[in-house]
>>> print(open('query-v8.txt').read())   # compact mmCIF, C-alpha atoms
# COMPACT_ATOMS: atom_id res chain seq x y z
CA MET A 1 23.45 17.98 15.06
CA GLN A 2 25.91 15.08 14.81
CA SER A 3 23.77 13.14 12.32
CA VAL A 4 24.10 15.90 9.73
CA GLU A 5 27.86 15.92 10.11
CA MET A 6 27.90 12.13 9.75
CA LEU A 7 25.83 12.30 6.58
CA GLU A 8 28.11 14.89 5.02
CA ASN A 9 31.18 12.96 6.11
CA ILE A 10 29.85 9.75 4.55
CA GLU A 11 29.04 11.54 1.30
CA ALA A 12 32.53 13.11 1.17
CA ARG A 13 34.23 9.76 1.79
CA LEU A 14 32.19 8.11 -0.94
CA ASP A 15 33.04 10.91 -3.37
CA ASN A 16 36.75 10.25 -2.80
CA MET A 17 36.45 6.54 -3.59
CA THR A 18 36.81 4.82 -6.93
CA ILE A 19 33.74 3.45 -8.68
CA TYR A 20 34.76 -0.10 -7.68
CA GLU A 21 35.07 0.83 -3.99
CA VAL A 22 31.70 2.57 -4.07
CA ARG A 23 30.10 -0.51 -5.64
CA GLN A 24 31.51 -2.70 -2.89
CA ILE A 25 30.12 -0.38 -0.18
CA ALA A 26 26.72 -0.51 -1.94
CA ARG A 27 26.84 -4.31 -1.83
CA GLU A 28 27.68 -4.36 1.87
CA VAL A 29 24.86 -2.00 2.89
CA LYS A 30 22.41 -3.69 0.47
CA ALA A 31 21.65 -0.55 -1.51
CA HIS A 32 19.27 -0.79 -4.45
CA VAL A 33 21.61 0.01 -7.36
CA THR A 34 20.06 0.58 -10.80
CA SER A 35 22.91 2.21 -12.68
CA GLY A 36 26.65 1.93 -13.11
CA GLN A 37 27.17 5.66 -12.64
CA LYS A 38 29.09 6.53 -9.49
CA GLY A 39 26.85 9.44 -8.54
CA ILE A 40 23.68 7.34 -8.75
CA ILE A 41 25.26 4.54 -6.69
CA ILE A 42 26.21 7.09 -4.02
CA ASP A 43 22.62 8.39 -4.00
CA ALA A 44 21.41 4.83 -3.42
CA ILE A 45 23.83 4.39 -0.50
CA LEU A 46 22.74 7.69 1.05
CA SER A 47 19.09 6.61 0.71
CA ILE A 48 19.97 3.59 2.84
CA ALA A 49 21.77 5.83 5.36
CA ARG A 50 18.72 8.12 5.66
CA ALA A 51 16.35 5.13 6.00
CA GLU A 52 14.42 6.28 2.94
CA VAL A 53 14.33 2.82 1.38
CA GLU A 54 14.39 -0.79 2.50
CA PHE A 55 17.41 -3.03 2.02
CA ALA A 56 17.63 -4.52 -1.45
CA PRO A 57 17.67 -8.33 -1.77
CA VAL A 58 21.10 -9.79 -2.36
CA SER A 59 21.81 -10.07 -6.08
CA ARG A 60 24.61 -11.73 -8.02
CA ARG A 61 24.02 -9.55 -11.05
CA GLY A 62 26.42 -6.79 -12.08
CA ALA A 63 30.18 -6.58 -12.24
CA PRO A 64 32.01 -8.80 -9.72
CA PRO A 65 33.92 -6.94 -7.02
CA LYS A 66 37.56 -6.17 -7.75
CA SER A 67 38.35 -7.12 -4.16
CA ASP A 68 36.58 -8.43 -1.07
CA ARG A 69 38.16 -5.64 0.97
CA TYR A 70 36.12 -2.58 1.83
CA ASP A 71 36.03 0.27 4.35
CA GLU A 72 34.38 -1.45 7.31
CA LYS A 73 34.24 1.78 9.31
CA LEU A 74 32.32 3.51 6.54
CA VAL A 75 29.82 0.66 6.32
CA SER A 76 29.41 0.78 10.09
CA ASP A 77 28.78 4.54 10.01
CA ILE A 78 26.17 4.17 7.26
CA LEU A 79 24.26 1.50 9.19
CA GLU A 80 24.55 3.43 12.45
CA LEU A 81 23.10 6.54 10.80
CA ARG A 82 20.31 4.45 9.31
CA GLU A 83 19.38 3.20 12.80
CA TYR A 84 19.12 6.81 13.96
CA PHE A 85 16.72 7.76 11.17
CA VAL A 86 14.67 4.58 11.69
CA ALA A 87 14.28 5.47 15.37
CA LEU A 88 13.37 9.02 14.41
CA LYS A 89 10.55 7.81 12.16
CA LYS A 90 9.24 5.45 14.85
CA SER A 91 9.15 8.31 17.33
CA GLY A 92 6.60 10.08 15.13
CA ARG A 93 8.59 13.30 14.85
CA SER A 94 7.75 14.86 11.51
CA GLU A 95 10.18 17.77 11.27
CA LEU A 96 13.79 18.35 12.34
CA ASN A 97 15.86 21.49 12.09
CA MET A 98 19.54 20.69 12.60
CA SER A 99 22.27 23.36 12.73
CA VAL A 100 25.87 22.58 11.84
CA ASN A 101 28.81 24.32 13.60
CA ASP A 102 26.47 27.12 14.72
CA SER A 103 26.38 28.40 11.14
CA ALA A 104 23.32 29.49 9.14
CA TYR A 105 23.37 26.16 7.29
CA GLU A 106 20.23 24.16 8.00
CA TYR A 107 19.09 20.70 7.05
CA THR A 108 15.30 20.43 7.18
CA LEU A 109 13.40 17.18 6.96
CA LEU A 110 9.90 17.97 5.70
CA SER A 111 8.33 14.58 6.06
CA GLU A 112 4.79 15.92 6.05
CA LYS A 113 5.03 18.23 3.05
CA GLU A 114 3.68 16.77 -0.18
CA TYR A 115 4.53 17.79 -3.72
CA CYS A 116 2.70 16.89 -6.89
CA GLY A 117 3.60 17.40 -10.54
CA TYR A 118 4.20 15.82 -13.95
CA LEU A 119 7.52 14.04 -14.30
CA ASP A 120 10.01 15.12 -16.96
CA THR A 121 12.35 12.16 -17.41
CA ASP A 122 13.79 13.39 -20.69
CA GLY A 123 17.30 13.85 -19.35
CA GLN A 124 16.20 15.54 -16.09
CA ASN A 125 14.20 13.78 -13.39
CA TYR A 126 12.17 16.59 -11.89
CA PHE A 127 8.84 18.38 -11.96
CA LEU A 128 7.65 21.89 -11.20
CA TYR A 129 5.64 22.37 -8.02
CA GLY A 130 4.37 25.94 -7.80
CA GLU A 131 7.50 28.01 -8.26
CA GLU A 132 10.07 25.35 -7.34
CA TRP A 133 11.52 22.23 -8.89
CA VAL A 134 11.31 18.84 -7.19
CA PHE A 135 14.01 16.28 -7.99
CA ILE A 136 13.21 12.57 -8.37
CA SER A 137 16.23 10.30 -8.02
CA GLU A 138 17.12 7.71 -10.64
CA LEU A 139 16.53 5.11 -7.94
CA PHE A 140 12.81 5.97 -7.79
CA VAL A 141 12.52 6.31 -11.57
CA THR A 142 13.79 2.76 -12.03
CA ARG A 143 12.05 1.18 -9.05
CA TYR A 144 8.58 2.41 -10.04
CA SER A 145 9.17 2.44 -13.82
CA LEU A 146 8.37 6.16 -13.92
CA ARG A 147 7.74 7.74 -17.32
CA LEU A 148 7.58 11.21 -18.76
CA GLY A 149 4.19 12.72 -17.95
CA ASP A 150 3.53 10.58 -14.86
CA LYS A 151 1.66 12.53 -12.20
CA ILE A 152 3.80 12.06 -9.10
CA CYS A 153 2.76 12.77 -5.52
CA CYS A 154 5.70 12.55 -3.15
CA LYS A 155 7.13 13.72 0.13
CA GLY A 156 10.13 16.00 -0.24
CA ARG A 157 12.75 18.01 1.59
CA ARG A 158 15.50 20.50 0.87
CA LYS A 159 18.97 20.49 2.36
CA ASN A 160 19.10 24.27 2.61
CA SER A 161 17.37 27.29 1.13
CA ALA A 162 19.57 27.22 -1.97
CA ASP A 163 18.90 23.57 -2.86
CA MET A 164 16.23 22.03 -5.04
CA VAL A 165 13.61 20.02 -3.16
CA GLY A 166 14.40 16.30 -3.34
CA ALA A 167 11.75 13.57 -3.15
CA TYR A 168 12.49 10.99 -0.48
CA GLU A 169 9.22 9.03 -0.66
CA ILE A 170 6.88 8.44 -3.61
CA LEU A 171 3.24 8.26 -2.47
CA THR A 172 1.25 7.82 -5.68
CA VAL A 173 1.87 7.53 -9.41
CA ASN A 174 -1.03 8.79 -11.55
CA GLY A 175 -3.28 8.63 -8.50
CA VAL A 176 -2.39 4.99 -7.78
CA SER A 177 -0.52 3.97 -4.63
CA VAL A 178 3.02 2.84 -5.44
CA GLN A 179 2.20 -0.53 -3.86
CA ASP A 180 -0.54 -1.02 -6.47
CA VAL A 181 1.17 0.32 -9.61
CA GLY A 182 2.12 -3.15 -10.90
CA ILE A 183 2.96 -3.88 -14.54
CA ARG A 184 2.12 -0.97 -16.80
CA LYS A 185 0.91 -0.89 -20.38
CA ASP A 186 3.05 0.65 -23.10
CA PHE A 187 1.17 3.28 -25.08
CA SER A 188 3.24 2.65 -28.22
CA ALA A 189 2.14 -1.00 -28.26
CA LEU A 190 -1.62 -0.32 -28.13
CA THR A 191 -3.84 -1.31 -31.07
CA HIS A 192 -5.73 1.38 -33.01
CA LEU A 193 -9.45 0.93 -33.69
CA TYR A 194 -11.89 3.23 -35.48
CA PRO A 195 -13.55 5.75 -33.13
CA ALA A 196 -16.89 4.24 -32.20
CA THR A 197 -18.02 5.60 -28.81
CA ARG A 198 -19.99 8.83 -29.22
CA VAL A 199 -19.18 11.88 -27.09
CA ARG A 200 -22.32 14.01 -26.83
CA LEU A 201 -22.01 17.70 -26.03
CA SER A 202 -25.46 19.33 -26.19
CA GLY A 203 -26.55 22.59 -24.60
CA ASP A 204 -24.95 25.60 -26.27
CA VAL A 205 -25.88 26.34 -29.91
CA SER A 206 -22.29 25.72 -31.05
CA LEU A 207 -22.25 22.33 -29.34
CA ARG A 208 -25.57 21.32 -30.87
CA ILE A 209 -24.21 22.14 -34.33
CA ILE A 210 -21.08 20.09 -33.64
CA ASP A 211 -23.20 17.18 -32.37
CA LEU A 212 -25.13 17.16 -35.63
CA PHE A 213 -22.54 17.92 -38.33
CA ALA A 214 -19.18 16.89 -36.82
CA PRO A 215 -20.05 14.42 -34.05
CA LEU A 216 -17.22 13.61 -31.66
CA ALA A 217 -16.12 10.13 -30.68
CA LEU A 218 -13.44 8.73 -28.40
CA GLY A 219 -10.14 8.34 -30.21
CA GLN A 220 -10.81 10.88 -32.96
CA ARG A 221 -8.10 12.92 -34.61
CA GLY A 222 -9.84 16.24 -35.08
CA VAL A 223 -9.04 19.62 -36.58
CA ILE A 224 -10.81 22.92 -36.02
CA SER A 225 -10.02 24.67 -39.30
CA ALA A 226 -10.26 28.34 -38.44
CA PRO A 227 -9.20 31.75 -39.76
CA ALA A 228 -8.10 34.42 -37.30
CA ASN A 229 -10.78 35.95 -35.06
CA SER A 230 -13.36 33.33 -35.96
CA GLY A 231 -14.06 32.18 -32.42
CA LYS A 232 -11.86 29.06 -32.24
CA THR A 233 -10.76 29.77 -28.65
CA THR A 234 -14.40 30.09 -27.59
CA ILE A 235 -15.24 26.82 -29.39
CA ILE A 236 -12.41 25.01 -27.56
CA LYS A 237 -13.65 26.25 -24.19
CA LEU A 238 -17.25 25.30 -25.00
CA ILE A 239 -16.25 21.78 -26.06
CA ALA A 240 -14.19 21.34 -22.89
CA HIS A 241 -17.03 22.48 -20.65
CA GLY A 242 -19.56 20.39 -22.60
CA ILE A 243 -17.50 17.24 -22.08
CA CYS A 244 -16.94 17.97 -18.39
CA ALA A 245 -20.67 18.49 -17.87
CA ASN A 246 -21.62 15.15 -19.42
CA TYR A 247 -18.61 12.92 -18.64
CA ARG A 248 -17.14 13.41 -15.19
CA ASP A 249 -14.75 10.47 -15.57
CA PHE A 250 -13.05 11.79 -18.72
CA GLU A 251 -9.66 13.51 -18.41
CA VAL A 252 -10.03 16.83 -20.25
CA ILE A 253 -6.73 18.55 -21.09
CA ILE A 254 -6.36 22.01 -22.63
CA LEU A 255 -3.03 22.78 -24.29
CA THR A 256 -2.53 26.33 -25.49
CA LEU A 257 0.82 27.56 -26.81
CA GLY A 258 1.96 31.15 -27.38
CA ALA A 259 -1.10 32.62 -25.68
CA ARG A 260 -1.59 36.09 -24.28
CA PRO A 261 -1.44 36.18 -20.46
CA GLU A 262 -5.04 37.37 -20.16
CA GLU A 263 -6.17 34.37 -22.24
CA ILE A 264 -4.41 32.03 -19.81
CA THR A 265 -6.19 33.69 -16.90
CA ASP A 266 -9.53 33.33 -18.65
CA PHE A 267 -8.90 29.66 -19.45
CA THR A 268 -7.85 28.68 -15.95
CA LYS A 269 -10.73 30.43 -14.16
CA SER A 270 -13.04 27.56 -15.05
CA SER A 271 -14.54 25.60 -12.19
CA ASP A 272 -14.54 22.43 -14.32
CA ASP A 273 -12.03 19.68 -13.63
CA ILE A 274 -9.67 20.49 -16.52
CA THR A 275 -5.90 20.00 -16.66
CA TYR A 276 -4.04 22.92 -18.28
CA PHE A 277 -0.69 23.05 -20.05
CA TYR A 278 0.27 26.37 -21.56
CA THR A 279 2.98 28.79 -22.64
CA THR A 280 2.82 32.51 -23.27
CA PHE A 281 3.93 34.23 -26.48
CA ASP A 282 7.26 35.35 -24.97
CA LYS A 283 8.56 31.78 -24.57
CA SER A 284 11.09 30.10 -26.85
CA GLU A 285 10.33 27.33 -29.34
CA GLU A 286 12.09 24.89 -26.98
CA GLU A 287 9.70 25.80 -24.18
CA HIS A 288 6.68 25.37 -26.48
CA ILE A 289 7.96 21.93 -27.52
CA PHE A 290 8.64 20.92 -23.92
CA ARG A 291 5.17 21.93 -22.72
CA ALA A 292 3.38 20.29 -25.64
CA ASN A 293 5.38 17.10 -25.20
CA LEU A 294 4.58 17.00 -21.50
CA ALA A 295 0.84 17.44 -22.17
CA PHE A 296 0.72 14.59 -24.68
CA GLU A 297 2.85 12.28 -22.54
CA TYR A 298 0.59 13.00 -19.58
CA ALA A 299 -2.42 12.06 -21.72
CA LYS A 300 -0.71 8.82 -22.81
CA ARG A 301 -0.23 7.82 -19.18
CA ARG A 302 -4.00 8.21 -18.71
CA VAL A 303 -4.67 5.86 -21.63
CA GLU A 304 -2.28 3.28 -20.20
CA LEU A 305 -4.56 3.22 -17.15
CA ASN A 306 -7.60 2.47 -19.39
CA LYS A 307 -8.88 6.02 -19.02
CA ASN A 308 -10.31 8.32 -21.68
CA ALA A 309 -8.25 11.47 -22.25
CA ILE A 310 -9.21 14.36 -24.52
CA ILE A 311 -6.70 17.03 -25.57
CA LEU A 312 -8.00 20.33 -26.93
CA ALA A 313 -5.02 22.17 -28.40
CA GLU A 314 -4.43 25.65 -29.75
CA GLY A 315 -1.27 27.33 -31.05
CA LEU A 316 0.47 24.18 -32.34
CA TYR A 317 0.78 25.40 -35.92
CA GLU A 318 2.17 28.80 -34.99
CA ASN A 319 4.68 27.63 -32.37
CA LEU A 320 5.90 24.14 -33.30
CA PRO A 321 7.89 22.66 -36.20
CA ALA A 322 5.67 20.85 -38.72
CA GLU A 323 6.94 17.36 -37.86
CA TYR A 324 5.82 17.75 -34.24
CA ILE A 325 2.26 18.62 -35.21
CA LYS A 326 1.59 15.44 -37.19
CA ASN A 327 3.31 13.35 -34.51
CA TYR A 328 1.00 14.80 -31.87
CA LEU A 329 -2.10 14.29 -34.00
CA PHE A 330 -1.02 10.70 -34.58
CA CYS A 331 -1.22 10.11 -30.81
CA ALA A 332 -5.01 9.92 -31.07
CA ILE A 333 -6.18 6.36 -30.44
CA ASN A 334 -9.22 4.30 -29.61
CA ALA A 335 -7.29 1.43 -28.05
CA GLU A 336 -8.49 -2.13 -28.44
CA GLU A 337 -6.92 -2.87 -25.05
CA GLY A 338 -9.01 -0.14 -23.37
CA GLY A 339 -8.72 3.61 -22.96
CA SER A 340 -8.61 6.33 -25.61
CA LEU A 341 -6.89 9.59 -26.51
CA THR A 342 -8.92 12.10 -28.50
CA VAL A 343 -7.02 15.02 -30.03
CA ILE A 344 -8.84 18.12 -31.28
CA ALA A 345 -6.46 20.83 -32.52
CA ALA A 346 -7.27 24.32 -33.80
CA MET A 347 -5.40 24.99 -37.05
CA PRO A 348 -5.33 27.84 -39.58
CA GLN A 349 -7.10 27.21 -42.90
CA GLU A 350 -3.81 26.68 -44.73
CA PHE A 351 -3.10 23.54 -42.68
CA ASN A 352 -3.51 20.49 -44.92
CA TYR A 353 -5.55 18.05 -42.85
CA ALA A 354 -6.34 15.68 -45.74
CA GLY A 355 -5.41 12.14 -44.80
CA VAL A 356 -4.78 13.19 -41.19
CA ALA A 357 -8.02 14.22 -39.51
CA ASN A 358 -11.09 12.01 -39.20
CA THR A 359 -13.24 14.86 -37.94
CA VAL A 360 -13.18 18.49 -39.12
CA LEU A 361 -14.98 21.50 -37.70
CA SER A 362 -14.60 24.31 -40.21
CA LEU A 363 -15.17 27.93 -39.21
CA SER A 364 -16.27 30.38 -41.91
CA PRO A 365 -14.27 33.58 -42.48
CA ILE A 366 -17.34 35.14 -44.14
CA LEU A 367 -19.63 34.51 -41.15
CA ALA A 368 -16.88 35.63 -38.77
CA ALA A 369 -16.35 38.86 -40.74
CA GLU A 370 -20.09 39.55 -40.51
CA ARG A 371 -19.91 38.80 -36.75
CA ILE A 372 -22.34 35.90 -37.06
CA PHE A 373 -21.53 33.36 -34.37
CA PRO A 374 -21.06 30.50 -34.09
CA ALA A 375 -19.27 30.95 -37.42
CA ILE A 376 -19.41 27.25 -38.28
CA ASP A 377 -19.23 26.30 -41.95
CA ILE A 378 -21.69 23.42 -41.91
CA LEU A 379 -20.98 22.18 -45.46
CA LYS A 380 -17.25 21.84 -44.77
CA SER A 381 -17.63 20.24 -41.33
CA TYR A 382 -17.86 16.47 -41.04
CA SER A 383 -16.83 13.32 -39.19
CA ALA A 384 -15.66 10.16 -40.89
CA ARG A 385 -18.01 7.19 -40.47
CA GLU A 386 -20.61 9.55 -39.00
CA GLU A 387 -23.37 7.12 -39.98
CA SER A 388 -22.21 4.92 -37.09
CA LEU A 389 -22.26 7.85 -34.67
CA LEU A 390 -25.56 9.60 -35.50
CA SER A 391 -28.99 8.20 -34.73
CA ASP A 392 -31.38 7.76 -37.69
CA GLU A 393 -33.23 10.94 -36.69
CA GLU A 394 -30.00 12.93 -36.42
CA ARG A 395 -28.79 11.60 -39.75
CA GLN A 396 -32.03 12.63 -41.48
CA LEU A 397 -31.89 16.12 -39.95
CA SER A 398 -28.24 16.54 -40.92
CA VAL A 399 -28.98 15.60 -44.54
CA ALA A 400 -32.04 17.88 -44.65
CA LEU A 401 -30.14 20.94 -43.40
CA ARG A 402 -27.16 20.32 -45.68
CA SER A 403 -29.60 20.04 -48.60
CA LYS A 404 -31.08 23.44 -47.73
CA LEU A 405 -27.62 25.00 -47.82
CA ASN A 406 -26.86 23.33 -51.16
CA ARG A 407 -30.09 24.78 -52.58
CA GLY A 408 -28.97 28.31 -51.68
CA VAL A 409 -30.46 28.85 -48.24
CA ALA A 410 -28.21 31.29 -46.38
CA ALA A 411 -26.07 29.88 -43.58
CA GLU A 412 -27.41 32.62 -41.31
CA GLU A 413 -30.92 31.14 -41.61
CA ILE A 414 -29.73 27.70 -40.53
CA ILE A 415 -27.84 29.12 -37.58
CA GLU A 416 -30.94 31.13 -36.66
CA LEU A 417 -32.89 27.85 -36.50
CA PHE A 418 -30.53 26.66 -33.80
CA ASN A 419 -30.79 29.96 -31.93
CA GLU A 420 -34.60 29.80 -31.97
CA THR A 421 -34.87 26.25 -30.61
CA ALA A 422 -33.92 24.51 -27.38
CA ASN A 423 -32.74 21.25 -28.95
CA ASN A 424 -32.21 19.56 -32.29
CA ALA A 425 -35.48 17.62 -32.02
CA GLU A 426 -37.36 20.93 -32.25
CA ILE A 427 -35.49 21.78 -35.46
CA ALA A 428 -36.48 18.40 -36.91
CA GLU A 429 -40.13 19.17 -36.10
CA LEU A 430 -39.88 22.58 -37.82
CA ILE A 431 -38.35 20.98 -40.93
CA LYS A 432 -41.11 18.38 -40.96
CA ASN A 433 -43.69 21.18 -40.89
CA GLY A 434 -42.16 22.90 -43.92
CA ARG A 435 -39.89 25.47 -42.32
>>> encode(input="query-v8.txt", output="structure tokens")
Amino acid sequence: MQSVEMLENIEARLDNMTIYEVRQIAREVKAHVTSGQKGIIIDAILSIARAEVEFAPVSRRGAPPKSDRYDEKLVSDILELREYFVALKKSGRSELNMSVNDSAYEYTLLSEKEYCGYLDTDGQNYFLYGEEWVFISELFVTRYSLRLGDKICCKGRRKNSADMVGAYEILTVNGVSVQDVGIRKDFSALTHLYPATRVRLSGDVSLRIIDLFAPLALGQRGVISAPANSGKTTIIKLIAHGICANYRDFEVIILTLGARPEEITDFTKSSDDITYFYTTFDKSEEEHIFRANLAFEYAKRRVELNKNAIILAEGLYENLPAEYIKNYLFCAINAEEGGSLTVIAAMPQEFNYAGVANTVLSLSPILAAERIFPAIDILKSYSAREESLLSDEERQLSVALRSKLNRGVAAEEIIELFNETANNAEIAELIKNGR
């Protein structure tokens, strides 16, 4: 169709111009220019030609034109093509297939197909949708102040089967309509407060033990200190499901690096509303870093929206450089301005969490070797400032059970108490009666 030829012709003519000539054309067609790079300016002009964006208000900012002269025919062609696409949209037609010179080349406008993914703006503006990449132009990144980890829902199209899908309309950013995004918070400027809002798990024996001896709170920086084969993966899944069951409005994120494929399948089979980021053991260190970075940036975007995000991570120690691990743990925050990011990471026992973690769940290699589960080492598990998190009754029970262990009562007997009872109140009653 003629419109495709016109579009290609316009793009070719722009490519052959100098940067100053391209800038002048952009001024004349009122393109929204956000960068001094020629390629980005051309993209902005083509967005005007395809009626993807509205005209930009006239601005006196930027470099003054070298000359008032410009290619009037080119400007006329751009505006004529824009009128065609405007009329097309008004007609309600949602899909066009246009052949050029009777060749196999096809330009397909997929105005009804939606794509959704997490933006990677670290040098490349795209996200992965299923098995294909979707490109977000610099124009959209600047206009909507898009950031790494933003969850983008957009409409997209591809020029032909060999091209990457390109977004031509942004629908929502992090679930919010682009018209309502407004001014956004900056995660790095938020104020840290001590974790104070309790996150109750309850239900499973492991979760009841955690509730009592290493209570969770929003904004905690937690470590699951665990030897190999001690059940840390099971603990992570139980915590995730426990949070989802009790707090439907929390954003639960599981990050697992260097996992076996069957573990990934097992993780993602859950019916709970959990967001997963993962890599398998055959990936490079760069891929592990990329995926971990994307998970944490995604969580930060949640906090900027005053939401509560919880990351449960596994495989950081084995697959990331040491400096990345502490940086990720430092992301945990109970923000004074609203929102929180809780980070709970499984680490081997050699990881030095002193001065880093404010909650520790320690798993016992002895109990694990004897196949006693949950293999939680109660004496080594704790939460900082737990007196502000536990009720008086819970505090008394916690002290009583720790005292029993200090007097030589076997850990197996304490764990058996949890297995025999339906809730921690029943254990308190047994202790009161001399058990």
>>> residues_around(input="query-v8.txt", residues="Arg402 in chain A", least_positions_apart="5", cutoff="10 Å", atoms="all atoms listed in the file", output="list in words")
Phe213, Ile378, Leu379, Leu397, Arg407, Val409, Ala411 and Ile414 of chain A
>>> write_last_selection(input="query-v8.txt", atoms="C-alpha atoms", output="tab-separated table (two decimals), in the coordinates of the input")
chain	number	residue	atom	x	y	z
A	213	PHE	CA	-22.54	17.92	-38.33
A	378	ILE	CA	-21.69	23.42	-41.91
A	379	LEU	CA	-20.98	22.18	-45.46
A	397	LEU	CA	-31.89	16.12	-39.95
A	407	ARG	CA	-30.09	24.78	-52.58
A	409	VAL	CA	-30.46	28.85	-48.24
A	411	ALA	CA	-26.07	29.88	-43.58
A	414	ILE	CA	-29.73	27.70	-40.53
>>> residues_around(input="query-v8.txt", residues="Lys283 in chain A", least_positions_apart="2", cutoff="10 Å", atoms="only C-alpha atoms", output="ChimeraX atom specification")
/A:257-259,279-281,285-288,319
>>> closest_atom_pairs(input="query-v8.txt", of="range 166-249 of chain A", to="range 155-158 of chain A", cutoff="12 Å", atoms="all atoms listed in the file", output="tab-separated table")
residue	atom	partner	partner_atom	distance
A:Gly166	CA	A:Gly156	CA	5.3
A:Ala167	CA	A:Gly156	CA	4.1
A:Tyr168	CA	A:Gly156	CA	5.5
A:Glu169	CA	A:Lys155	CA	5.2
A:Ile170	CA	A:Lys155	CA	6.5
A:Leu171	CA	A:Lys155	CA	7.2
A:Thr172	CA	A:Lys155	CA	10.2
>>> atom_distance(input="query-v8.txt", atom1="CA of Pro348 in chain A", atom2="CA of Ala226 in chain A")
5.1 Å
>>> closest_residue(input="query-v8.txt", among="A:Val173, A:Leu139, A:Met347, A:Ala332", to="Tyr317 in chain A", atoms="all atoms listed in the file")
A:Met347
>>> residues_around(input="query-v8.txt", residues="Asn358 in chain A", least_positions_apart="3", cutoff="6 Å", atoms="all atoms listed in the file", output="ChimeraX atom specification")
/A:221,383-384
>>> atom_distance(input="query-v8.txt", atom1="CA of Ala322 in chain A", atom2="CA of Phe351 in chain A")
10.0 Å
>>> closest_residue(input="query-v8.txt", among="A:Glu138, A:Glu387, A:Asp249, A:Glu28", to="Gly339 in chain A", atoms="all atoms listed in the file")
A:Asp249
>>> residues_near_point(input="query-v8.txt", point="(19.8, 2.7, -2.7)", cutoff="8 Å", atoms="all atoms listed in the file", output="mmCIF file with C-alpha atoms, in the frame of the given file")
data_model
loop_
_atom_site.group_PDB
_atom_site.id
_atom_site.type_symbol
_atom_site.label_atom_id
_atom_site.label_comp_id
_atom_site.auth_asym_id
_atom_site.auth_seq_id
_atom_site.Cartn_x
_atom_site.Cartn_y
_atom_site.Cartn_z
ATOM 1 C CA ALA A 26 26.720 -0.510 -1.940
ATOM 2 C CA LYS A 30 22.410 -3.690 0.470
ATOM 3 C CA ALA A 31 21.650 -0.550 -1.510
ATOM 4 C CA HIS A 32 19.270 -0.790 -4.450
ATOM 5 C CA VAL A 33 21.610 0.010 -7.360
ATOM 6 C CA ILE A 41 25.260 4.540 -6.690
ATOM 7 C CA ILE A 42 26.210 7.090 -4.020
ATOM 8 C CA ASP A 43 22.620 8.390 -4.000
ATOM 9 C CA ALA A 44 21.410 4.830 -3.420
ATOM 10 C CA ILE A 45 23.830 4.390 -0.500
ATOM 11 C CA LEU A 46 22.740 7.690 1.050
ATOM 12 C CA SER A 47 19.090 6.610 0.710
ATOM 13 C CA ILE A 48 19.970 3.590 2.840
ATOM 14 C CA VAL A 53 14.330 2.820 1.380
ATOM 15 C CA PHE A 55 17.410 -3.030 2.020
ATOM 16 C CA ALA A 56 17.630 -4.520 -1.450
ATOM 17 C CA LEU A 139 16.530 5.110 -7.940
#
>>> closest_residue(input="query-v8.txt", among="A:Ala410, A:Glu393, A:Lys404, A:Ser364", to="Ser381 in chain A", atoms="all atoms listed in the file")
A:Ser364
>>> atom_distance(input="query-v8.txt", atom1="CA of Val134 in chain A", atom2="CA of Phe187 in chain A")
25.8 Å
>>> closest_residue(input="query-v8.txt", among="A:Arg260, A:Arg13, A:Arg435, A:Lys38", to="Asp71 in chain A", atoms="all atoms listed in the file")
A:Arg13
>>> residues_around(input="query-v8.txt", residues="Ala245 in chain A", least_positions_apart="2", cutoff="10 Å", atoms="all atoms listed in the file", output="PyMOL selection string")
chain A and resi 201-203+239-243+247-248+272-273
>>> closest_residue(input="query-v8.txt", among="A:His192, A:Ile19, A:Pro215, A:Gly175", to="Arg385 in chain A", atoms="all atoms listed in the file")
A:Pro215
>>> closest_residue(input="query-v8.txt", among="A:Ser403, A:Ser225, A:Gln220, A:Gln179", to="Val360 in chain A", atoms="only C-alpha atoms")
A:Ser225
>>> build_atoms(input="query-v8.txt", residues="range 266-270 of chain A", atoms="N, CA, C and O atoms", output="PDB file, keeping the file's coordinate frame")
ATOM      1  N   ASP A 266      -8.142  33.644 -18.315  1.00  0.00           N
ATOM      2  CA  ASP A 266      -9.530  33.330 -18.650  1.00  0.00           C
ATOM      3  C   ASP A 266      -9.748  31.824 -18.731  1.00  0.00           C
ATOM      4  O   ASP A 266     -10.755  31.312 -18.245  1.00  0.00           O
ATOM      5  N   PHE A 267      -8.797  31.115 -19.342  1.00  0.00           N
ATOM      6  CA  PHE A 267      -8.900  29.660 -19.450  1.00  0.00           C
ATOM      7  C   PHE A 267      -8.957  29.011 -18.076  1.00  0.00           C
ATOM      8  O   PHE A 267      -9.809  28.164 -17.802  1.00  0.00           O
ATOM      9  N   THR A 268      -8.033  29.393 -17.216  1.00  0.00           N
ATOM     10  CA  THR A 268      -7.850  28.680 -15.950  1.00  0.00           C
ATOM     11  C   THR A 268      -8.835  29.083 -14.859  1.00  0.00           C
ATOM     12  O   THR A 268      -8.799  28.519 -13.762  1.00  0.00           O
ATOM     13  N   LYS A 269      -9.712  30.040 -15.143  1.00  0.00           N
ATOM     14  CA  LYS A 269     -10.730  30.430 -14.160  1.00  0.00           C
ATOM     15  C   LYS A 269     -11.869  29.423 -14.072  1.00  0.00           C
ATOM     16  O   LYS A 269     -12.696  29.498 -13.164  1.00  0.00           O
ATOM     17  N   SER A 270     -11.935  28.506 -15.004  1.00  0.00           N
ATOM     18  CA  SER A 270     -13.040  27.560 -15.050  1.00  0.00           C
ATOM     19  C   SER A 270     -13.115  26.730 -13.779  1.00  0.00           C
ATOM     20  O   SER A 270     -12.102  26.339 -13.206  1.00  0.00           O
TER      21      SER A 270
END
